[in-house]
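J.: Mind having a look at this structure? Questions to follow.
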Amino acid sequence: MEKIQQFLDKYFGIRVLRKEQKIIVDNILSHKDVFCLLPTGGGKSLCYQLTALLMDGVTIVISPLISLMKDQVDYLKNIGISAEYINSTQTPDEIDDIMIKVKNGDIKLLYIAPERLDYNKFVIKFNNIHVSQVAIDEAHCVSQWGHDFRKSYRNILPFINSLENRPIVTAFTATATEEVRIDTIKLLGLNNPFIVFGGFYRNNLQINVHKEEDKLEFVKDYIRAHEDESGIIYCSLRKEVDMLYGVLSDIGYSVSKYHGGLNDEHKNINQEDFLFERKNVMIATNAFGMGIDKSNIRYIIHLSMPKNIEEYYQEIGRGGRDGAFCRCHLLYSRDDIRTAEFLINTSTKMDRREIELRKLQAMVELCETEGCYNEYILNYFGDAVKRKYCGNCSNCVNSEGLKDLTLEAQKILSCIYRTKAQFGISVMTDVLRGFKGTKIQQYRLDEISTYGIMREYTSKAIKDIINIMLEQGVVDRKEGTYSMLVLNKLSLKVLRGEEQVFGKLSDNTVCENEELF
Ligand code: ADP
């Protein structure tokens, strides 16, 4: 443990590991395979980088993008960690030099693109090399269900099997549905892996869907009103990026652009203009963003609907990485469906079209749902949520009759706490209303501090709120009893003000107490 702390301080300048990181690191160090699903910005890289330092041998990181690899290796070298990458930009001599260093045990982290593993000549270089860990970044690429499937990812398992001693295998991704998760674990041959499923809910991302708006007017108005903030505008097509860039720069806004049609130099300059705040707004296709670590992005506008929820969540995930609010505006029109279908039909191989069209269907359903957008997304990723409303997306905010019940929930929870979780809904309601029933007198519940703190509510209102809390997992029934209420982890978060509770009370529920007693 001490060593972990020491290395964290010494190299990374980080004081503590986040909860999920700690679990992951502990498992890797106990030689267990790990499958880790954490949202973008969740701190996945640190997990394999830190463990690489703590184990003998080299950690091989399989990473999908040459630019990402270079960024990470530069960063690691900068903080004093011996890291290298091997990719198609190097000559055979350069590669041999690096492999000699690896053989001599001078390298702790070696980054490679999966395409390297297509060559047996490369694979056999690892004979007699002590590989402690194979870490697979963007692991969903192994599965045909993953949104950016890469054939070479299928060579990872044969590579692992070719090594003399099986290393620990760790897989990291930010977007995976249950299908992808099961498929990835199987295709990477993970051995009874420890699965980390970090909560996907980011309460600082506010999701707004606008239907059939005048898109151009919306964007112009929005930028005018938020001129000092950093934001990204995602478009589906390159020509849309060029068009919007033309319109906005003609007006005089500080905009940059990025898409696959620009040459590398142009892309780099534009990206840096945005990262270093010479330009406030980045207009881009989905080619922009992988590995972008800009913390203060305050808004993300999608000029049209992305092809699938994975892409959408990954793109909005780039906002608010400093923890402050980021407003996400998705401008949806039914024409977007045709554009998305066109993109799928022209850029996806036949055998994947059906999968992509199904994902598109889910994206359309998200745009058209009248329920909570966050709930829909979390359920899509299999992050089973009982809570029906986030209180934070445009559907929740505009939902008629939706109330913030956090204060009421806190009163109820503290009453359950003070009565030591020995009573059910009826007694709890009586205590909160300050009613003098026989049970109340028998157990002297009128002497506790929460007695009568909800006098102004009717019994029905309190009971309805408790039922909403039960339904949303904010409080539980004590195991083995029918009705006793007991606090759980979420209750504590609500009590501490870290989580809110929203719900709809039925029409005939009056909160104001009209009964006299
Ligand atoms: P991911 O790979 O999951 O997208 P990163 O590993 O790039 O996330 O981490 C995102 C940011 O959070 C980085 O700037 C990183 O330095 C920072 N970070 C990671 N772990 C911690 C931690 N325990 N405490 C503070 N900052 C952290």
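In the structure tokens, chains take the letters A, B, ... in the order shown, each chain's residues start at 1, and ligands count up from 1 in the order shown.
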Kindly provide, as a PyMOL selection string, all nucleotide and amino acid residues lying within 10 Å of ligand 1, counting only C-alpha atoms and all ligand atoms.
T.: chain A and resi 8+12-22+36-49+72+137-138+172-174+290-295+314+317-318+321-322
J.: So that I can check the surroundings of A:Ser230, please list as number ranges by chain every protein, DNA and RNA residue that reaches within 8 Å of it, counting only C-alpha atoms and ignoring chain neighbours fewer than 5 positions away.
T.: A: 277, 280-281, 296-299
J.: Just give me the gap between atom CA of A:Ser88 and atom CA of A:Leu65 in Å, one decimal is fine.
T.: 11.2 Å
J.: Could you jot down the atom CA of A:Asp9 to atom CA of A:Thr170 separation for me, Å, one decimal place?
T.: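 Pair atom CA of A:Asp9 / atom CA of A:Thr170 returns 23.6 Å.
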J.: Would you please give, as a PyMOL selection string, all residues of stretch 135-347 of chain A that DSSP assigns to strand (DSSP E or B) based on the backbone?
T.: chain A and resi 135-136+168-173+194-197+205-211+230-234+255-258+281-284+297-302+326-332
J.: Would you pick out the contacts of A:Gln90 at 12 Å or less, using only C-alpha atoms, so that residues sharing its chain but fewer than 6 positions from it are not included, and give the list as a list in words?
T.: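 Returned residues: Ile66, Glu84, Asp96, Asp97, Ile98, Ile112 and Arg116 of chain A.
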